[in-house]
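Read the structure below first, then the notes.
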Amino acid sequence: MRHVIVGAGPAGVVAAEQLRGHDPEAEITLISGEPEPPYSRMAIPYYLIENIDEAGTYLRKQSGYFDEQRIRVLHDQVTGVDSGSHSVALAQGGSLGFDRLLVATGSRPLDLPVPGGDRPEVHHCWTLEDARAIVRGAQPGAKVVLIGAGFIGCIILESLALRRTELTVVEAGNRMVPRMMDETAGGLIRDWCESRGVRVHVDAKVASIDDGRGNHAAAVRLENGQVLDADVVIAAVGVTPNAEFLQGAGLDMDAGILVDRQLKSSVDGIYAAGDVAQGVDFSTGGQSVHAIQPTAADHARVAASNMVGRHQAYHGSVNMNVLDTLGLISSSFGLWMGKDGGDSITVHDPDRYRYLNLQFEDDRMVGASALGLTEHVGVLRGLIQTRVRLGVWKERLRKDPSRLMEAYLGATRPIGYNAHVL
Amino acid sequence: MAMALKLEPEKCTGCLQCEMACSYENEGVFNPAKSRIKVFSFHEEGKFAPYTCTQCEEAWCMHACPVEAIVVDMATGSKNVLEDVCVGCKVCTIACPFGTVNYEPDSGKVIKCDLCGGDPWCAKACPTGAITYVDEADTTYERMRAWAQQAPSAPARFNPPKPKEVQVFER
Ligand SMILES: Cc1cc2nc3c(=O)[nH]c(=O)nc-3n(C[C@H](O)[C@H](O)[C@H](O)COP(=O)(O)OP(=O)(O)OC[C@H]3O[C@@H](n4cnc5c(N)ncnc54)[C@H](O)[C@@H]3O)c2cc1C
Ligand code: SF4
């Protein structure tokens, strides 16, 4: 069996390993569109603060690992897929035949859609190449304007501030991380960041990036007329799936490649996983793009199993994020914004930057968001994903919402190996 | 022979010796807050339950880690955090549905049970036999549900934000 995987991020790498585990004889080719060994974008923030070097971002650290696994790594761009003849076309010439194809090409950042958005001072923060450029430009004391305070923007925010740059954040929405936290929590994150010396503008739209004033290379002009000096501008204003090369291949698409519970696309023999895939959403039962690392790994495992003919149905992804903004840790899970007809329990202690919001449908938890909760935080995923009926525990949580572990232990038997010991 | 921690909540008196032993042996301090095993109390029923990582086969934490900082210890089957590789991204803490991987703001890394390399201190410290380290085949009976309809305790497990060092500019 010939397996071709396009994309060598976490989805591609985990899938390649799983395929090898399932089938020692298979021919496995992993195609990376970037020159570096397969690496993790998620590690970039730690590279920016010089906590790790480039090698620290590599998904697999042992040298010769892929050779040892007999996974052939090709550095090339796939430019097209012929689903009739089952082959992919390569930018450097030639094509490659497959029996099963996995598309794991992830997404890429959107350009800043304003005049001057393509100036040389404007960077994305998505690839190692981007990160190298940011390290060069964002030196201590440099004026940096970060456009976009979504999840990815806020992760980079911390790195930029820790690099001791003079940082200003511009967000078009009415709060920080608007797709991860509600207004109360988003407001607290903003207060915290400002108290740490980061300037934050919300409800602020960028009009253009212009020539700089004085010795600053650029100036960010806002629609409200304000002008922000900038030595470096970082754009984190959303992403789009890398799927153009599939044009004409006949795959159904929406916000990403639509895949079923087997992670199979609408075309036989072609699967998709990770950020590029729009797969089953655990919370809604519909299909969503959950562009997060845990979903990439889960997708890859299920896809690989189905690619070798071991039928496995995906339970669906729970959207979840954890974010550290200069020491204030936030997290959100599932339907954190609640469900129609549901109810919620909230703890709000702004002086200590504490916040917890639990969302229920009947006596089942369907979503949650928290500030400052670091111990046993994963149990929120457990409570949601087991769909456990909380019974008496819902009232007990209302009295003391911090008793999440007790509620989980009390209401369920943990899933998984060895759990029977309890 | 595969060994596992056997937790028998009905034998637990809530004395917290396990938490003390764990934090002392692994973190060098007697501080339950730094223990990898936690005793949860159910005041409504007057019961206690020790709980920690079950070293589950799914290993959600390990698969979610972006930098291969969680690895299987071949000798014990435990999933261990490599402290020098961990970047502190915390993705494992939300990926583990049992809530047994915790972020430690002091070190900027995560901690979880590693079975103390095959000689777990919590089991040695437990005076009532509520925590034992036994052949896995022997651990099949207890059901979480049995002891699991209970109540109180526990200080909120929130941490106030710990400010990170940044440059503050006059503006
Ligand atoms: C700065 C930053 C911080 C992040 N932090 C977090 C976090 O804290 N938590 C979290 O859950 N997620 C985080 N993410 C998101 C996470 O990195 C992604 O969800 C994850 O990388 C998705 O994996 P993937 O394998 O689907 O795609 P990617 O990692 O994007 O990999 C895609 C691969 O496909 C290749 N490719 C694309 N097109 C082609 C082509 N035509 N031909 C050949 N190869 C191609 C690319 O070169 C790349 O190798 C972060 C992302 C960034 C950028
Ligand atoms: S916090 Fe450390 S161990 Fe956990 S996922 Fe991140 S890097 Fe891996």
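Following the order of the structure tokens, first chain is A, next is B, and so on, with residues numbered from 1 inside each chain and ligands from 1 in the order they appear.
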#### Entry: Polymer residues at most 10 Å from Thr13 in chain B, only C-alpha atoms, same-chain spacing of 6 or more positions, as a PyMOL selection string
chain B and resi 39+41+46-50+126-128+130
### Task
Could you list the residues in chain A lying within 7 Å of chain B, using only C-alpha atoms, and format the result as an MDAnalysis selection string?
chainID A and resid 40 42:43 46 57:60 161:162 164 166 197 293:294 297 322 326:328 352:353 372:379 381:382 402:403 406 409:413 416:422
N, CA and C atoms of the current selection, written as a tab-separated table (two decimals), in the first residue's frame:
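Once everything was written out, this is result32.tsv:
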chain	number	residue	atom	x	y	z
A	40	SER	N	6.82	22.06	14.91
A	40	SER	CA	5.55	22.40	15.50
A	40	SER	C	5.39	23.92	15.56
A	42	MET	N	3.26	25.48	17.17
A	42	MET	CA	2.95	25.82	18.56
A	42	MET	C	4.17	26.14	19.39
A	43	ALA	N	5.32	25.65	18.97
A	43	ALA	CA	6.53	25.87	19.76
A	43	ALA	C	7.17	27.22	19.43
A	46	TYR	N	7.92	29.93	22.02
A	46	TYR	CA	9.02	29.64	22.96
A	46	TYR	C	10.37	29.83	22.28
A	57	THR	N	11.88	23.08	18.34
A	57	THR	CA	10.54	23.09	17.76
A	57	THR	C	10.26	21.83	16.96
A	58	TYR	N	11.29	21.02	16.72
A	58	TYR	CA	11.08	19.84	15.87
A	58	TYR	C	10.14	18.86	16.54
A	59	LEU	N	9.25	18.33	15.72
A	59	LEU	CA	8.25	17.42	16.26
A	59	LEU	C	8.89	16.13	16.75
A	60	ARG	N	9.94	15.66	16.05
A	60	ARG	CA	10.65	14.46	16.50
A	60	ARG	C	12.12	14.81	16.60
A	161	ALA	N	6.09	40.67	24.43
A	161	ALA	CA	6.31	41.46	25.65
A	161	ALA	C	7.52	40.93	26.41
A	162	LEU	N	7.66	39.61	26.44
A	162	LEU	CA	8.81	39.04	27.16
A	162	LEU	C	10.13	39.35	26.45
A	164	ARG	N	10.78	42.16	25.69
A	164	ARG	CA	10.99	43.52	26.16
A	164	ARG	C	10.84	44.55	25.03
A	166	GLU	N	8.35	47.34	23.14
A	166	GLU	CA	7.28	48.25	23.57
A	166	GLU	C	6.07	47.90	22.72
A	197	GLY	N	1.95	46.63	31.30
A	197	GLY	CA	2.66	47.55	30.42
A	197	GLY	C	2.39	47.38	28.93
A	293	GLN	N	-3.88	22.04	18.13
A	293	GLN	CA	-2.97	20.90	18.16
A	293	GLN	C	-3.65	19.58	18.58
A	294	PRO	N	-4.42	19.55	19.66
A	294	PRO	CA	-5.01	18.27	20.06
A	294	PRO	C	-5.92	17.69	18.97
A	297	ALA	N	-3.79	16.02	16.27
A	297	ALA	CA	-3.29	14.70	16.67
A	297	ALA	C	-4.42	13.66	16.66
A	322	VAL	N	-5.86	26.82	25.68
A	322	VAL	CA	-5.29	27.35	26.93
A	322	VAL	C	-4.29	28.42	26.53
A	326	LEU	N	1.16	36.64	29.95
A	326	LEU	CA	2.04	37.25	30.96
A	326	LEU	C	1.70	36.81	32.37
A	327	GLY	N	1.37	35.54	32.52
A	327	GLY	CA	1.13	34.98	33.84
A	327	GLY	C	-0.33	34.76	34.19
A	328	LEU	N	-1.22	35.37	33.44
A	328	LEU	CA	-2.65	35.13	33.66
A	328	LEU	C	-3.07	34.01	32.71
A	352	ARG	N	-8.87	39.41	42.04
A	352	ARG	CA	-7.84	38.38	41.96
A	352	ARG	C	-7.75	37.74	40.58
A	353	TYR	N	-8.38	38.37	39.61
A	353	TYR	CA	-8.36	37.85	38.24
A	353	TYR	C	-8.83	36.40	38.18
A	372	GLY	N	-7.25	31.77	35.52
A	372	GLY	CA	-6.52	31.47	36.76
A	372	GLY	C	-6.66	30.05	37.24
A	373	LEU	N	-7.35	29.21	36.50
A	373	LEU	CA	-7.53	27.83	36.93
A	373	LEU	C	-6.44	26.99	36.27
A	374	THR	N	-5.52	26.47	37.07
A	374	THR	CA	-4.46	25.65	36.45
A	374	THR	C	-4.44	24.23	36.99
A	375	GLU	N	-5.05	24.02	38.14
A	375	GLU	CA	-4.99	22.66	38.67
A	375	GLU	C	-6.20	21.86	38.22
A	376	HIS	N	-5.95	20.68	37.72
A	376	HIS	CA	-6.99	19.75	37.28
A	376	HIS	C	-7.88	20.35	36.20
A	377	VAL	N	-7.34	21.28	35.42
A	377	VAL	CA	-8.19	22.00	34.46
A	377	VAL	C	-8.72	21.07	33.37
A	378	GLY	N	-7.95	20.01	33.05
A	378	GLY	CA	-8.38	19.08	32.02
A	378	GLY	C	-9.68	18.37	32.34
A	379	VAL	N	-10.04	18.34	33.62
A	379	VAL	CA	-11.27	17.64	33.98
A	379	VAL	C	-12.49	18.31	33.34
A	381	ARG	N	-12.61	19.09	30.25
A	381	ARG	CA	-12.79	18.30	29.04
A	381	ARG	C	-13.49	16.98	29.38
A	382	GLY	N	-13.04	16.34	30.45
A	382	GLY	CA	-13.64	15.06	30.85
A	382	GLY	C	-15.13	15.21	31.13
A	402	SER	N	-15.66	25.21	42.42
A	402	SER	CA	-14.29	24.73	42.30
A	402	SER	C	-14.21	23.21	42.47
A	403	ARG	N	-15.34	22.58	42.85
A	403	ARG	CA	-15.25	21.15	43.12
A	403	ARG	C	-15.43	20.32	41.86
A	406	GLU	N	-14.15	16.65	42.18
A	406	GLU	CA	-15.07	15.85	42.97
A	406	GLU	C	-16.30	15.50	42.15
A	409	LEU	N	-15.27	12.80	39.62
A	409	LEU	CA	-15.05	11.51	40.26
A	409	LEU	C	-16.37	10.97	40.81
A	410	GLY	N	-17.16	11.90	41.33
A	410	GLY	CA	-18.41	11.48	41.94
A	410	GLY	C	-19.43	11.01	40.92
A	411	ALA	N	-19.39	11.59	39.74
A	411	ALA	CA	-20.45	11.33	38.79
A	411	ALA	C	-20.08	10.30	37.73
A	412	THR	N	-18.80	9.98	37.63
A	412	THR	CA	-18.43	9.09	36.53
A	412	THR	C	-17.34	8.14	36.95
A	413	ARG	N	-17.16	7.14	36.16
A	413	ARG	CA	-15.99	6.30	36.31
A	413	ARG	C	-15.07	6.75	35.19
A	416	GLY	N	-10.72	4.82	30.17
A	416	GLY	CA	-9.32	4.58	29.88
A	416	GLY	C	-8.74	3.41	30.62
A	417	TYR	N	-7.60	3.03	30.14
A	417	TYR	CA	-6.82	1.93	30.64
A	417	TYR	C	-6.55	2.13	32.12
A	418	ASN	N	-6.66	1.08	32.89
A	418	ASN	CA	-6.25	1.20	34.28
A	418	ASN	C	-7.27	1.94	35.14
A	419	ALA	N	-8.24	2.54	34.49
A	419	ALA	CA	-9.20	3.32	35.26
A	419	ALA	C	-10.01	2.41	36.17
A	420	HIS	N	-10.08	1.15	35.79
A	420	HIS	CA	-10.85	0.20	36.59
A	420	HIS	C	-10.29	0.05	38.00
A	421	VAL	N	-9.02	0.46	38.20
A	421	VAL	CA	-8.48	0.35	39.55
A	421	VAL	C	-9.31	1.16	40.53
A	422	LEU	N	-9.99	2.13	40.03
A	422	LEU	CA	-10.85	2.89	40.94
A	422	LEU	C	-12.20	2.23	41.00
Using DSSP on the backbone coordinates, identify the residues of chain B assigned to helix (DSSP H, G or I); present them as a compact mmCIF listing (two decimals) with all heavy atoms, in the first residue's frame.
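New file out-v5.txt:
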# COMPACT_ATOMS: atom_id res chain seq x y z
N PRO B 9 -10.58 3.99 47.54
CA PRO B 9 -11.11 5.14 48.28
C PRO B 9 -11.73 4.75 49.62
O PRO B 9 -11.63 5.51 50.59
CB PRO B 9 -12.16 5.71 47.34
CG PRO B 9 -11.83 5.18 46.00
CD PRO B 9 -11.11 3.90 46.18
N GLU B 10 -12.35 3.60 49.66
CA GLU B 10 -13.04 3.25 50.92
C GLU B 10 -12.09 3.07 52.10
O GLU B 10 -12.48 3.12 53.25
CB GLU B 10 -13.95 2.03 50.72
CG GLU B 10 -13.27 0.75 50.29
CD GLU B 10 -12.98 0.70 48.79
OE1 GLU B 10 -12.97 1.74 48.09
OE2 GLU B 10 -12.72 -0.39 48.30
N LYS B 11 -10.79 2.86 51.79
CA LYS B 11 -9.82 2.72 52.87
C LYS B 11 -9.18 4.06 53.26
O LYS B 11 -8.42 4.13 54.21
CB LYS B 11 -8.70 1.77 52.45
CG LYS B 11 -9.16 0.33 52.26
CD LYS B 11 -7.95 -0.56 51.96
CE LYS B 11 -8.39 -1.99 51.66
NZ LYS B 11 -7.27 -2.78 51.10
N GLN B 17 -0.99 11.81 53.92
CA GLN B 17 0.40 11.35 53.93
C GLN B 17 0.92 11.17 52.50
O GLN B 17 2.08 11.42 52.21
CB GLN B 17 0.53 10.01 54.67
CG GLN B 17 0.30 10.10 56.17
CD GLN B 17 1.32 10.99 56.86
OE1 GLN B 17 2.50 10.93 56.57
NE2 GLN B 17 0.83 11.85 57.74
N CYS B 18 0.05 10.71 51.61
CA CYS B 18 0.48 10.49 50.22
C CYS B 18 0.89 11.80 49.56
O CYS B 18 1.91 11.87 48.86
CB CYS B 18 -0.62 9.80 49.42
SG CYS B 18 -2.19 10.67 49.45
N GLU B 19 0.10 12.85 49.80
CA GLU B 19 0.43 14.15 49.19
C GLU B 19 1.75 14.68 49.74
O GLU B 19 2.56 15.24 49.00
CB GLU B 19 -0.70 15.16 49.45
CG GLU B 19 -2.01 14.80 48.76
CD GLU B 19 -3.03 15.95 48.82
OE1 GLU B 19 -2.69 17.04 49.32
OE2 GLU B 19 -4.17 15.75 48.35
N MET B 20 1.94 14.50 51.04
CA MET B 20 3.19 14.95 51.66
C MET B 20 4.38 14.21 51.07
O MET B 20 5.39 14.80 50.69
CB MET B 20 3.15 14.70 53.17
CG MET B 20 2.14 15.54 53.90
SD MET B 20 2.58 17.27 53.78
CE MET B 20 1.46 17.94 54.95
N ALA B 21 4.25 12.91 50.99
CA ALA B 21 5.37 12.08 50.50
C ALA B 21 5.66 12.44 49.05
O ALA B 21 6.81 12.60 48.64
CB ALA B 21 5.02 10.60 50.63
N CYS B 22 4.61 12.60 48.27
CA CYS B 22 4.79 12.89 46.84
C CYS B 22 5.49 14.23 46.65
O CYS B 22 6.46 14.34 45.91
CB CYS B 22 3.45 12.89 46.12
SG CYS B 22 3.60 13.31 44.37
N SER B 23 5.00 15.25 47.35
CA SER B 23 5.59 16.58 47.13
C SER B 23 7.02 16.60 47.65
O SER B 23 7.91 17.22 47.06
CB SER B 23 4.74 17.68 47.77
OG SER B 23 4.70 17.55 49.18
N TYR B 24 7.27 15.90 48.77
CA TYR B 24 8.63 15.92 49.31
C TYR B 24 9.60 15.18 48.40
O TYR B 24 10.68 15.68 48.07
CB TYR B 24 8.66 15.33 50.72
CG TYR B 24 10.02 15.48 51.35
CD1 TYR B 24 10.49 16.74 51.71
CD2 TYR B 24 10.86 14.39 51.52
CE1 TYR B 24 11.76 16.91 52.25
CE2 TYR B 24 12.14 14.54 52.05
CZ TYR B 24 12.58 15.81 52.41
OH TYR B 24 13.84 15.97 52.92
N GLU B 25 9.20 14.01 47.96
CA GLU B 25 10.13 13.22 47.15
C GLU B 25 10.34 13.82 45.77
O GLU B 25 11.42 13.73 45.21
CB GLU B 25 9.62 11.77 47.01
CG GLU B 25 9.61 11.01 48.33
CD GLU B 25 10.98 10.95 49.00
OE1 GLU B 25 12.00 11.01 48.28
OE2 GLU B 25 11.02 10.86 50.24
N ASN B 26 9.30 14.42 45.22
CA ASN B 26 9.41 14.92 43.85
C ASN B 26 9.76 16.39 43.74
O ASN B 26 10.35 16.81 42.76
CB ASN B 26 8.12 14.64 43.08
CG ASN B 26 7.91 13.16 42.84
OD1 ASN B 26 8.74 12.51 42.21
ND2 ASN B 26 6.84 12.61 43.37
N GLU B 27 9.36 17.17 44.75
CA GLU B 27 9.58 18.60 44.66
C GLU B 27 10.44 19.13 45.80
O GLU B 27 10.73 20.33 45.86
CB GLU B 27 8.24 19.35 44.67
CG GLU B 27 7.28 18.93 43.55
CD GLU B 27 7.75 19.38 42.16
OE1 GLU B 27 8.38 20.45 42.07
OE2 GLU B 27 7.50 18.65 41.19
N PRO B 32 1.29 19.93 49.93
CA PRO B 32 0.28 19.20 49.17
C PRO B 32 -0.05 19.85 47.83
O PRO B 32 -0.40 19.16 46.88
CB PRO B 32 -0.93 19.21 50.10
CG PRO B 32 -0.37 19.36 51.47
CD PRO B 32 0.86 20.21 51.31
N ALA B 33 0.11 21.18 47.76
CA ALA B 33 -0.21 21.85 46.50
C ALA B 33 0.71 21.38 45.38
O ALA B 33 0.39 21.53 44.21
CB ALA B 33 -0.11 23.36 46.66
N LYS B 34 1.87 20.84 45.74
CA LYS B 34 2.79 20.38 44.71
C LYS B 34 2.78 18.86 44.55
O LYS B 34 3.68 18.28 43.94
CB LYS B 34 4.21 20.86 45.02
CG LYS B 34 4.28 22.38 44.98
CD LYS B 34 5.67 22.88 44.76
CE LYS B 34 5.61 24.41 44.62
NZ LYS B 34 6.81 25.00 44.11
N TRP B 60 -3.61 10.97 26.21
CA TRP B 60 -4.02 12.23 25.54
C TRP B 60 -2.94 13.29 25.68
O TRP B 60 -2.66 14.04 24.75
CB TRP B 60 -5.31 12.77 26.16
CG TRP B 60 -6.39 11.77 26.36
CD1 TRP B 60 -6.48 10.87 27.39
CD2 TRP B 60 -7.52 11.53 25.53
NE1 TRP B 60 -7.62 10.12 27.24
CE2 TRP B 60 -8.28 10.50 26.12
CE3 TRP B 60 -7.98 12.13 24.34
CZ2 TRP B 60 -9.47 10.03 25.57
CZ3 TRP B 60 -9.16 11.67 23.80
CH2 TRP B 60 -9.89 10.63 24.40
N CYS B 61 -2.36 13.37 26.85
CA CYS B 61 -1.34 14.39 27.13
C CYS B 61 -0.16 14.22 26.19
O CYS B 61 0.33 15.17 25.59
CB CYS B 61 -0.87 14.30 28.59
SG CYS B 61 -0.14 12.72 29.05
N MET B 62 0.28 12.97 26.06
CA MET B 62 1.48 12.68 25.27
C MET B 62 1.25 13.01 23.79
O MET B 62 2.09 13.60 23.13
CB MET B 62 1.82 11.20 25.45
CG MET B 62 3.08 10.77 24.78
SD MET B 62 3.51 9.08 25.28
CE MET B 62 2.68 8.15 23.99
N HIS B 63 0.08 12.62 23.29
CA HIS B 63 -0.18 12.86 21.86
C HIS B 63 -0.41 14.33 21.56
O HIS B 63 -0.19 14.77 20.43
CB HIS B 63 -1.36 12.01 21.40
CG HIS B 63 -1.04 10.56 21.38
ND1 HIS B 63 -0.12 10.02 20.52
CD2 HIS B 63 -1.46 9.54 22.17
CE1 HIS B 63 0.00 8.72 20.76
NE2 HIS B 63 -0.81 8.40 21.76
N ALA B 64 -0.87 15.09 22.54
CA ALA B 64 -1.12 16.51 22.28
C ALA B 64 0.16 17.33 22.37
O ALA B 64 0.22 18.42 21.81
CB ALA B 64 -2.15 17.05 23.27
N VAL B 91 -0.77 22.64 26.85
CA VAL B 91 -1.77 21.94 26.05
C VAL B 91 -2.11 20.58 26.67
O VAL B 91 -3.27 20.15 26.68
CB VAL B 91 -1.29 21.79 24.59
CG1 VAL B 91 -1.98 20.65 23.89
CG2 VAL B 91 -1.58 23.07 23.84
N CYS B 92 -1.12 19.93 27.25
CA CYS B 92 -1.39 18.63 27.89
C CYS B 92 -2.36 18.78 29.06
O CYS B 92 -3.12 17.87 29.35
CB CYS B 92 -0.09 17.99 28.35
SG CYS B 92 0.89 19.06 29.42
N THR B 93 -2.32 19.93 29.73
CA THR B 93 -3.20 20.09 30.91
C THR B 93 -4.67 20.17 30.51
O THR B 93 -5.53 19.78 31.30
CB THR B 93 -2.85 21.34 31.76
OG1 THR B 93 -3.22 22.53 31.05
CG2 THR B 93 -1.38 21.40 32.11
N ILE B 94 -4.94 20.67 29.30
CA ILE B 94 -6.35 20.68 28.88
C ILE B 94 -6.70 19.41 28.10
O ILE B 94 -7.86 19.05 27.98
CB ILE B 94 -6.74 21.93 28.07
CG1 ILE B 94 -5.92 22.09 26.79
CG2 ILE B 94 -6.64 23.18 28.93
CD1 ILE B 94 -6.49 23.16 25.84
N ALA B 95 -5.67 18.73 27.57
CA ALA B 95 -5.95 17.52 26.80
C ALA B 95 -6.30 16.34 27.70
O ALA B 95 -7.07 15.47 27.32
CB ALA B 95 -4.75 17.17 25.92
N LEU B 115 4.97 7.52 38.60
CA LEU B 115 5.11 6.28 39.39
C LEU B 115 6.45 6.22 40.11
O LEU B 115 6.90 5.14 40.50
CB LEU B 115 4.90 5.04 38.51
CG LEU B 115 3.51 4.87 37.88
CD1 LEU B 115 3.48 3.67 36.92
CD2 LEU B 115 2.43 4.70 38.94
N CYS B 116 7.09 7.37 40.30
CA CYS B 116 8.40 7.44 40.97
C CYS B 116 9.36 6.40 40.40
O CYS B 116 10.15 5.79 41.14
CB CYS B 116 8.26 7.26 42.48
SG CYS B 116 7.26 8.52 43.28
N GLY B 117 9.28 6.19 39.10
CA GLY B 117 10.21 5.25 38.47
C GLY B 117 9.96 3.79 38.85
O GLY B 117 10.80 2.93 38.58
N GLY B 118 8.82 3.50 39.44
CA GLY B 118 8.50 2.10 39.75
C GLY B 118 8.48 1.78 41.23
O GLY B 118 8.38 0.62 41.63
N TRP B 121 6.15 6.61 46.06
CA TRP B 121 6.22 7.03 47.46
C TRP B 121 4.84 7.12 48.10
O TRP B 121 4.70 6.88 49.30
CB TRP B 121 6.93 8.38 47.56
CG TRP B 121 8.40 8.20 47.41
CD1 TRP B 121 9.11 8.30 46.26
CD2 TRP B 121 9.34 7.84 48.44
NE1 TRP B 121 10.44 8.02 46.51
CE2 TRP B 121 10.61 7.74 47.84
CE3 TRP B 121 9.21 7.59 49.81
CZ2 TRP B 121 11.75 7.41 48.56
CZ3 TRP B 121 10.36 7.26 50.53
CH2 TRP B 121 11.62 7.17 49.90
N CYS B 122 3.83 7.49 47.34
CA CYS B 122 2.49 7.60 47.92
C CYS B 122 2.05 6.26 48.50
O CYS B 122 1.49 6.19 49.60
CB CYS B 122 1.49 8.10 46.88
SG CYS B 122 1.44 7.11 45.36
N ALA B 123 2.33 5.19 47.75
CA ALA B 123 1.92 3.86 48.21
C ALA B 123 2.67 3.49 49.49
O ALA B 123 2.12 2.92 50.42
CB ALA B 123 2.18 2.83 47.11
N LYS B 124 3.98 3.87 49.52
CA LYS B 124 4.77 3.55 50.71
C LYS B 124 4.30 4.35 51.92
O LYS B 124 4.40 3.90 53.05
CB LYS B 124 6.25 3.82 50.43
CG LYS B 124 6.85 2.78 49.49
CD LYS B 124 8.36 2.91 49.39
CE LYS B 124 8.76 3.95 48.37
NZ LYS B 124 10.19 3.96 48.08
N ALA B 125 3.80 5.56 51.64
CA ALA B 125 3.43 6.44 52.75
C ALA B 125 2.03 6.15 53.29
O ALA B 125 1.72 6.51 54.42
CB ALA B 125 3.51 7.89 52.30
N GLU B 136 -0.97 -5.46 37.88
CA GLU B 136 -2.14 -4.90 37.24
C GLU B 136 -3.33 -5.85 37.20
O GLU B 136 -4.48 -5.44 37.31
CB GLU B 136 -1.75 -4.58 35.81
CG GLU B 136 -2.29 -3.31 35.31
CD GLU B 136 -1.71 -3.08 33.93
OE1 GLU B 136 -2.10 -3.77 32.98
OE2 GLU B 136 -0.81 -2.24 33.85
N ALA B 137 -3.04 -7.13 37.05
CA ALA B 137 -4.12 -8.11 36.91
C ALA B 137 -4.99 -8.16 38.17
O ALA B 137 -6.13 -8.61 38.13
CB ALA B 137 -3.51 -9.48 36.63
N ASP B 138 -4.44 -7.66 39.26
CA ASP B 138 -5.12 -7.76 40.55
C ASP B 138 -6.03 -6.55 40.83
O ASP B 138 -6.64 -6.45 41.88
CB ASP B 138 -4.02 -7.88 41.62
CG ASP B 138 -4.57 -7.80 43.02
OD1 ASP B 138 -5.59 -8.45 43.28
OD2 ASP B 138 -3.98 -7.07 43.85
N MET B 144 -15.37 3.11 40.42
CA MET B 144 -15.42 4.49 40.85
C MET B 144 -16.80 4.86 41.38
O MET B 144 -16.96 5.53 42.39
CB MET B 144 -15.11 5.35 39.64
CG MET B 144 -14.90 6.77 39.98
SD MET B 144 -13.37 6.93 40.82
CE MET B 144 -12.42 7.67 39.55
N ARG B 145 -17.80 4.41 40.70
CA ARG B 145 -19.16 4.78 41.02
C ARG B 145 -19.55 4.49 42.47
O ARG B 145 -20.27 5.26 43.10
CB ARG B 145 -20.10 4.02 40.09
CG ARG B 145 -21.28 4.83 39.64
CD ARG B 145 -22.14 4.01 38.71
NE ARG B 145 -21.71 4.12 37.31
CZ ARG B 145 -21.99 5.17 36.55
NH1 ARG B 145 -22.66 6.19 37.04
NH2 ARG B 145 -21.60 5.21 35.31
N ALA B 146 -19.05 3.38 42.98
CA ALA B 146 -19.44 2.95 44.32
C ALA B 146 -19.19 4.03 45.37
O ALA B 146 -20.07 4.36 46.16
CB ALA B 146 -18.71 1.68 44.68
N TRP B 147 -18.01 4.58 45.35
CA TRP B 147 -17.70 5.57 46.37
C TRP B 147 -18.02 6.96 45.90
O TRP B 147 -17.88 7.92 46.62
CB TRP B 147 -16.22 5.49 46.75
CG TRP B 147 -15.34 5.65 45.56
CD1 TRP B 147 -14.89 4.67 44.76
CD2 TRP B 147 -14.85 6.87 45.05
NE1 TRP B 147 -14.15 5.20 43.75
CE2 TRP B 147 -14.10 6.54 43.90
CE3 TRP B 147 -14.96 8.22 45.42
CZ2 TRP B 147 -13.46 7.51 43.13
CZ3 TRP B 147 -14.32 9.17 44.64
CH2 TRP B 147 -13.59 8.81 43.52
### Near-Arg310 in chain A list (12 Å; only C-alpha atoms; drop same-chain fewer than 6 positions) as an MDAnalysis selection string
chainID A and resid 18:19 22:23 262 301:304
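Computed from the coordinates, the CA of Ala142 in chain A to CA of Tyr47 in chain A distance equals 18.2 Å.
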### Query
Within 6 Å of ligand 1, counting only C-alpha atoms and all ligand atoms, which protein or nucleic acid residues do you find, written as an NGL selection string?
:A and (6-12 or 31-34 or 40-42 or 44-45 or 76-79 or 104-107 or 125-126 or 152 or 242 or 274-276 or 291-294 or 296)
### Task
Would you mind listing what lies within 9 Å of Pro178 in chain A as number ranges by chain, with only C-alpha atoms counted and same-chain residues fewer than 4 positions away left out?
A: 149-151, 173-174, 182-183, 186
I want to know what sits within 12 Å of Ser95 in chain A, based on only C-alpha atoms, with residues of the same chain fewer than 4 positions away left out; could you give that as a PDB file with C-alpha atoms, in the first residue's frame?
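part_36.pdb, written as the output of this step:
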ATOM      1  CA  VAL A   4       1.162   9.807   0.591  1.00  0.00           C
ATOM      2  CA  ASP A  76       8.420  20.023  -1.995  1.00  0.00           C
ATOM      3  CA  GLN A  77       5.113  21.746  -2.701  1.00  0.00           C
ATOM      4  CA  VAL A  78       2.211  19.722  -3.978  1.00  0.00           C
ATOM      5  CA  THR A  79       0.606  21.701  -6.780  1.00  0.00           C
ATOM      6  CA  GLY A  80      -2.279  19.440  -7.749  1.00  0.00           C
ATOM      7  CA  VAL A  81      -4.103  16.210  -7.062  1.00  0.00           C
ATOM      8  CA  ASP A  82      -5.530  13.938  -9.758  1.00  0.00           C
ATOM      9  CA  SER A  85      -5.230   8.523 -11.644  1.00  0.00           C
ATOM     10  CA  HIS A  86      -4.498   8.754  -7.886  1.00  0.00           C
ATOM     11  CA  SER A  87      -1.433  10.933  -8.125  1.00  0.00           C
ATOM     12  CA  VAL A  88      -0.117  14.234  -6.806  1.00  0.00           C
ATOM     13  CA  ALA A  89       1.880  16.752  -8.855  1.00  0.00           C
ATOM     14  CA  LEU A  90       5.040  18.226  -7.339  1.00  0.00           C
ATOM     15  CA  ALA A  91       6.361  21.768  -7.844  1.00  0.00           C
TER      16      ALA A  91
END
